[in-house]
Amino acid sequence: MTSYGQHPLEQVLENRIAIIDGAMGTTIRTYGMTEADIRGDRFKNSSKSLLNNGDLFSLTQPKMIGDIHRRFLEAGADIIETNTFGATSIVQSEFFVDDPREKGGRKDPEFYQKIIDDRFLGDLAWEINEKSARQCREWADRVGNDTLRQRFVAGAIGPLTVSLSNSPDADDPGFRVVTFDQVKAAYMQEVRALIAGGVDFLLVETIFDSLNSKAALVAIREVFDQDNTKLPIMISAAVGRGGETMISGQTVEAFWNAVQHVKPLSVGLNCSLGPDLMYPFLQELSEKADVAISCYPNAGLPNPLAETGFDFGPQDMARYLGDFARGGLINIAGGCCGNTPEHIAAIAKALEGLPPRRFERSDAVASYAVGAREESQLAR
């Protein structure tokens with residue numbers, strides 16, 4: 001068993017609802033960045049479009065990324081996330097490696113083993129993660145010192161562009177484009193780089209494939225074991241209209257049962273349907289889980305005609321998150337896609353003074369029911 005003393009964020013959660021930041025991608029949009037801006041001099045000769053590779057901005061436009069962190073912190077965020085939603089070699093390969101399907105081939109484990117072994121992609125993923133973590137750390141400490149209120153950095157570990165749970169080939173349901181070990185290897189590299197950059201905890205977020213998330217959790221545990229280190233873990237899933245994790249089809253309760261052995265600092269829901277459709281699923285998770293509950297939904301459903309690309313404005317999000325708080329459902333609140341610093345400021349103001357959800361942990365927060373080797377075997 002592995003355990004550690006109370007984390008400073010736990011002390012915050014005992015007294016009030018903590019605020020997590022909003023959407024990096026949405027806020028980047030407000031800066032009017034172009035393809036040339038994201039490429040800079042370093043990537044100006046890349047053959048594929050990079051504009052949707054928002055993680056690269058940490059390397060090519062660090063002042064903008066720092067300014068976004070500052071704005072979320074000044075809006076009231078206790079927790080800011082690293083700009084690393086897609087900062088694995090697997091996701092980065094979508095922007096730097098030609099798709100073999102365009103020439104009659106296919107993506108398969110042989111293809112992804114080359115991705116895992118690619119030195120350029122590995123070095124790039126490490127650099128994005130470490131530098132983004134350092135940028136967050138700098139601003140969290142600066143604003144924390146100025147306001148005499150500690151701020152925290154979450155190392156964001158996002159989903160992949162490939163699935164371990166489903167086959168992309170309707171005629172071969174047993175086929176997988178990637179293996180568990182390959183996904184784990186990509187996540188292990190990301191975890192080590194985030195830790196090297198100084199994050200306070202690791203956030204496995206926007207989970208829509210539970211087996212992918214299991215690979216991320218095994219990766220975290222193996223890094224902890226191999227490097228003799230440990231940090232708290234936060235877990236957050238995206239759900240569909242039936243309360244199921246998207247690709248995996250697990251219900252909220254089944255998802256919690258699949259990850260509770262990790263003894264996370266928090267578990268929750270993010271992204272998904274928007275707050276207006278999330279209440280019953282958040283309520284179910286709150287009833288089942290014995291750890292802190294986080295909630296940072298999209299600002300409603302996508303709407304290309306809206307200013308942020310999503311329907312809900314700051315006051316809408318404040319009203320819904322306030323309802324969650326008054327219902328005794330949440331310990332950590334914020335926003336995902338469509339949520340700008342103005343949204344987070346409104347949420348923070350609406351939740352000020354409202355009591356956090358009360359819960360009783362059955363064990364120390366950072367204990368693990370099984371070791372990494374055993375868990376890896378179970379996940380397969």
# chains A, B, ... in the order shown; residues from 1 in each chain; ligands from 1
$ residues_around --residues "Cys271 in chain A" --least-positions-apart "4" --cutoff "7 Å" --atoms "only C-alpha atoms" --output "NGL selection string"
:A and (206 or 238 or 296-298 or 336-337)
$ closest_atom_pairs --of "range 211-294 of chain A" --to "range 313-332 of chain A" --cutoff "6 Å" --atoms "only C-alpha atoms" --output "CSV"
residue,atom,partner,partner_atom,distance
A:Ser286,CA,A:Leu329,CA,5.8
A:Ala292,CA,A:Asn331,CA,5.7
A:Ile293,CA,A:Ile330,CA,5.1
A:Ser294,CA,A:Ile332,CA,4.3
$ select_by_dssp --residues "range 232-273 of chain A" --states "alpha helix (DSSP H)" --output "list in words"
Val252, Glu253, Ala254, Phe255, Trp256, Asn257, Ala258 and Val259 of chain A
$ closest_atom_pairs --of "range 83-109 of chain A" --to "range 145-160 of chain A" --cutoff "12 Å" --atoms "only C-alpha atoms" --output "JSON lines"
{"residue": "A:Asn83", "atom": "CA", "partner": "A:Ala156", "partner_atom": "CA", "distance": 7.1}
{"residue": "A:Thr84", "atom": "CA", "partner": "A:Ala156", "partner_atom": "CA", "distance": 5.7}
{"residue": "A:Phe85", "atom": "CA", "partner": "A:Gly158", "partner_atom": "CA", "distance": 4.5}
{"residue": "A:Gly86", "atom": "CA", "partner": "A:Gly158", "partner_atom": "CA", "distance": 5.9}
{"residue": "A:Ala87", "atom": "CA", "partner": "A:Ile157", "partner_atom": "CA", "distance": 7.9}
{"residue": "A:Thr88", "atom": "CA", "partner": "A:Leu160", "partner_atom": "CA", "distance": 8.1}
{"residue": "A:Ser89", "atom": "CA", "partner": "A:Leu160", "partner_atom": "CA", "distance": 9.8}
{"residue": "A:Ile90", "atom": "CA", "partner": "A:Leu160", "partner_atom": "CA", "distance": 7.1}
{"residue": "A:Val91", "atom": "CA", "partner": "A:Leu160", "partner_atom": "CA", "distance": 6.0}
{"residue": "A:Gln92", "atom": "CA", "partner": "A:Leu160", "partner_atom": "CA", "distance": 9.8}
{"residue": "A:Ser93", "atom": "CA", "partner": "A:Leu160", "partner_atom": "CA", "distance": 10.9}
{"residue": "A:Glu94", "atom": "CA", "partner": "A:Leu160", "partner_atom": "CA", "distance": 10.5}
$ write_last_selection --atoms "all heavy atoms" --output "PDB file, in the first residue's frame"
ATOM      1  N   ASN A  83      -1.542  23.043 -20.519  1.00  0.00           N
ATOM      2  CA  ASN A  83      -2.025  23.029 -21.907  1.00  0.00           C
ATOM      3  C   ASN A  83      -1.491  21.775 -22.606  1.00  0.00           C
ATOM      4  O   ASN A  83      -0.682  21.849 -23.522  1.00  0.00           O
ATOM      5  CB  ASN A  83      -1.555  24.304 -22.620  1.00  0.00           C
ATOM      6  CG  ASN A  83      -2.066  24.383 -24.051  1.00  0.00           C
ATOM      7  OD1 ASN A  83      -3.175  23.944 -24.352  1.00  0.00           O
ATOM      8  ND2 ASN A  83      -1.255  24.932 -24.948  1.00  0.00           N
ATOM      9  N   THR A  84      -1.969  20.612 -22.148  1.00  0.00           N
ATOM     10  CA  THR A  84      -1.396  19.338 -22.612  1.00  0.00           C
ATOM     11  C   THR A  84      -2.484  18.324 -22.944  1.00  0.00           C
ATOM     12  O   THR A  84      -2.275  17.119 -22.841  1.00  0.00           O
ATOM     13  CB  THR A  84      -0.467  18.748 -21.527  1.00  0.00           C
ATOM     14  OG1 THR A  84      -1.183  18.656 -20.277  1.00  0.00           O
ATOM     15  CG2 THR A  84       0.751  19.614 -21.332  1.00  0.00           C
ATOM     16  N   PHE A  85      -3.646  18.790 -23.359  1.00  0.00           N
ATOM     17  CA  PHE A  85      -4.780  17.901 -23.596  1.00  0.00           C
ATOM     18  C   PHE A  85      -4.436  16.805 -24.611  1.00  0.00           C
ATOM     19  O   PHE A  85      -4.907  15.675 -24.490  1.00  0.00           O
ATOM     20  CB  PHE A  85      -5.968  18.722 -24.083  1.00  0.00           C
ATOM     21  CG  PHE A  85      -7.267  17.973 -24.133  1.00  0.00           C
ATOM     22  CD1 PHE A  85      -7.955  17.676 -22.966  1.00  0.00           C
ATOM     23  CD2 PHE A  85      -7.813  17.581 -25.348  1.00  0.00           C
ATOM     24  CE1 PHE A  85      -9.166  16.984 -23.009  1.00  0.00           C
ATOM     25  CE2 PHE A  85      -9.015  16.900 -25.403  1.00  0.00           C
ATOM     26  CZ  PHE A  85      -9.704  16.600 -24.238  1.00  0.00           C
ATOM     27  N   GLY A  86      -3.637  17.130 -25.604  1.00  0.00           N
ATOM     28  CA  GLY A  86      -3.258  16.141 -26.619  1.00  0.00           C
ATOM     29  C   GLY A  86      -1.760  15.963 -26.715  1.00  0.00           C
ATOM     30  O   GLY A  86      -1.229  15.695 -27.797  1.00  0.00           O
ATOM     31  N   ALA A  87      -1.072  16.086 -25.594  1.00  0.00           N
ATOM     32  CA  ALA A  87       0.399  16.105 -25.621  1.00  0.00           C
ATOM     33  C   ALA A  87       1.010  14.726 -25.411  1.00  0.00           C
ATOM     34  O   ALA A  87       1.913  14.541 -24.598  1.00  0.00           O
ATOM     35  CB  ALA A  87       0.927  17.086 -24.583  1.00  0.00           C
ATOM     36  N   THR A  88       0.515  13.739 -26.156  1.00  0.00           N
ATOM     37  CA  THR A  88       1.172  12.433 -26.224  1.00  0.00           C
ATOM     38  C   THR A  88       1.710  12.253 -27.627  1.00  0.00           C
ATOM     39  O   THR A  88       1.242  12.895 -28.580  1.00  0.00           O
ATOM     40  CB  THR A  88       0.196  11.286 -25.917  1.00  0.00           C
ATOM     41  OG1 THR A  88      -0.905  11.357 -26.839  1.00  0.00           O
ATOM     42  CG2 THR A  88      -0.320  11.351 -24.485  1.00  0.00           C
ATOM     43  N   SER A  89       2.677  11.361 -27.777  1.00  0.00           N
ATOM     44  CA  SER A  89       3.221  11.094 -29.113  1.00  0.00           C
ATOM     45  C   SER A  89       2.128  10.556 -30.033  1.00  0.00           C
ATOM     46  O   SER A  89       2.139  10.832 -31.243  1.00  0.00           O
ATOM     47  CB  SER A  89       4.382  10.103 -29.019  1.00  0.00           C
ATOM     48  OG  SER A  89       3.982   8.900 -28.379  1.00  0.00           O
ATOM     49  N   ILE A  90       1.168   9.821 -29.483  1.00  0.00           N
ATOM     50  CA  ILE A  90       0.094   9.258 -30.312  1.00  0.00           C
ATOM     51  C   ILE A  90      -0.767  10.366 -30.910  1.00  0.00           C
ATOM     52  O   ILE A  90      -1.054  10.381 -32.113  1.00  0.00           O
ATOM     53  CB  ILE A  90      -0.759   8.276 -29.487  1.00  0.00           C
ATOM     54  CG1 ILE A  90       0.040   6.997 -29.210  1.00  0.00           C
ATOM     55  CG2 ILE A  90      -2.063   7.942 -30.214  1.00  0.00           C
ATOM     56  CD1 ILE A  90      -0.661   5.999 -28.318  1.00  0.00           C
ATOM     57  N   VAL A  91      -1.189  11.330 -30.106  1.00  0.00           N
ATOM     58  CA  VAL A  91      -2.011  12.420 -30.626  1.00  0.00           C
ATOM     59  C   VAL A  91      -1.190  13.332 -31.527  1.00  0.00           C
ATOM     60  O   VAL A  91      -1.656  13.757 -32.599  1.00  0.00           O
ATOM     61  CB  VAL A  91      -2.641  13.222 -29.476  1.00  0.00           C
ATOM     62  CG1 VAL A  91      -3.415  14.427 -30.023  1.00  0.00           C
ATOM     63  CG2 VAL A  91      -3.576  12.334 -28.657  1.00  0.00           C
ATOM     64  N   GLN A  92       0.035  13.636 -31.137  1.00  0.00           N
ATOM     65  CA  GLN A  92       0.864  14.516 -31.952  1.00  0.00           C
ATOM     66  C   GLN A  92       1.170  13.922 -33.327  1.00  0.00           C
ATOM     67  O   GLN A  92       1.388  14.650 -34.293  1.00  0.00           O
ATOM     68  CB  GLN A  92       2.159  14.861 -31.222  1.00  0.00           C
ATOM     69  CG  GLN A  92       1.975  15.792 -30.030  1.00  0.00           C
ATOM     70  CD  GLN A  92       1.369  17.117 -30.430  1.00  0.00           C
ATOM     71  OE1 GLN A  92       1.836  17.781 -31.346  1.00  0.00           O
ATOM     72  NE2 GLN A  92       0.298  17.512 -29.727  1.00  0.00           N
ATOM     73  N   SER A  93       1.148  12.608 -33.431  1.00  0.00           N
ATOM     74  CA  SER A  93       1.407  11.975 -34.728  1.00  0.00           C
ATOM     75  C   SER A  93       0.359  12.359 -35.763  1.00  0.00           C
ATOM     76  O   SER A  93       0.635  12.337 -36.970  1.00  0.00           O
ATOM     77  CB  SER A  93       1.460  10.447 -34.578  1.00  0.00           C
ATOM     78  OG  SER A  93       0.169   9.899 -34.318  1.00  0.00           O
ATOM     79  N   GLU A  94      -0.836  12.724 -35.321  1.00  0.00           N
ATOM     80  CA  GLU A  94      -1.888  13.129 -36.257  1.00  0.00           C
ATOM     81  C   GLU A  94      -1.487  14.376 -37.039  1.00  0.00           C
ATOM     82  O   GLU A  94      -1.978  14.605 -38.147  1.00  0.00           O
ATOM     83  CB  GLU A  94      -3.193  13.403 -35.499  1.00  0.00           C
ATOM     84  CG  GLU A  94      -3.723  12.241 -34.682  1.00  0.00           C
ATOM     85  CD  GLU A  94      -4.323  11.137 -35.527  1.00  0.00           C
ATOM     86  OE1 GLU A  94      -4.638  11.398 -36.713  1.00  0.00           O
ATOM     87  OE2 GLU A  94      -4.473  10.015 -35.012  1.00  0.00           O
TER      88      GLU A  94
END
$ atom_distance --atom1 "CA of Leu351 in chain A" --atom2 "CA of Gly76 in chain A"
10.8 Å
$ atom_distance --atom1 "CA of Ala216 in chain A" --atom2 "CA of Tyr187 in chain A"
5.7 Å
$ atom_distance --atom1 "CA of Leu51 in chain A" --atom2 "CA of Glu35 in chain A"
5.1 Å
$ residues_around --residues "range 162-173 of chain A" --least-positions-apart "2" --cutoff "8 Å" --atoms "only C-alpha atoms" --output "VMD selection string"
chain A and resid 160 175 to 180 209 to 212 247 to 248
$ select_by_dssp --residues "range 137-245 of chain A" --states "strand (DSSP E or B)" --output "PyMOL selection string"
chain A and resi 152-157+201-207+233-237+239+244-245
$ closest_residue --among "A:Leu9, A:Leu305, A:Glu244, A:Met188" --to "Gln226 in chain A" --atoms "only C-alpha atoms"
A:Met188
$ closest_atom_pairs --of "range 41-71 of chain A" --to "range 98-101 of chain A" --cutoff "12 Å" --atoms "only C-alpha atoms" --output "tab-separated table"
residue	atom	partner	partner_atom	distance
A:Ser46	CA	A:Asp98	CA	11.4
A:Ser47	CA	A:Asp98	CA	9.2
A:Lys48	CA	A:Asp98	CA	8.4
A:Ser49	CA	A:Asp98	CA	11.5
$ closest_residue --among "A:Gly353, A:Gly198, A:Thr26, A:Pro264" --to "Pro302 in chain A" --atoms "only C-alpha atoms"
A:Thr26
$ closest_residue --among "A:Arg192, A:Thr30, A:Ser266, A:Thr161" --to "Asn228 in chain A" --atoms "only C-alpha atoms"
A:Arg192
$ closest_residue --among "A:Leu285, A:Met278, A:Ala125, A:Ile20" --to "Leu301 in chain A" --atoms "only C-alpha atoms"
A:Met278
$ closest_residue --among "A:Leu265, A:Ile128, A:Leu203, A:Ile79" --to "Ile220 in chain A" --atoms "only C-alpha atoms"
A:Leu203
$ residues_around --residues "Thr251 in chain A" --least-positions-apart "2" --cutoff "10 Å" --atoms "only C-alpha atoms" --output "JSON, numbers by chain"
{"A": [239, 240, 242, 243, 244, 245, 246, 248, 249, 253, 254, 255, 256, 257, 281, 284, 285]}
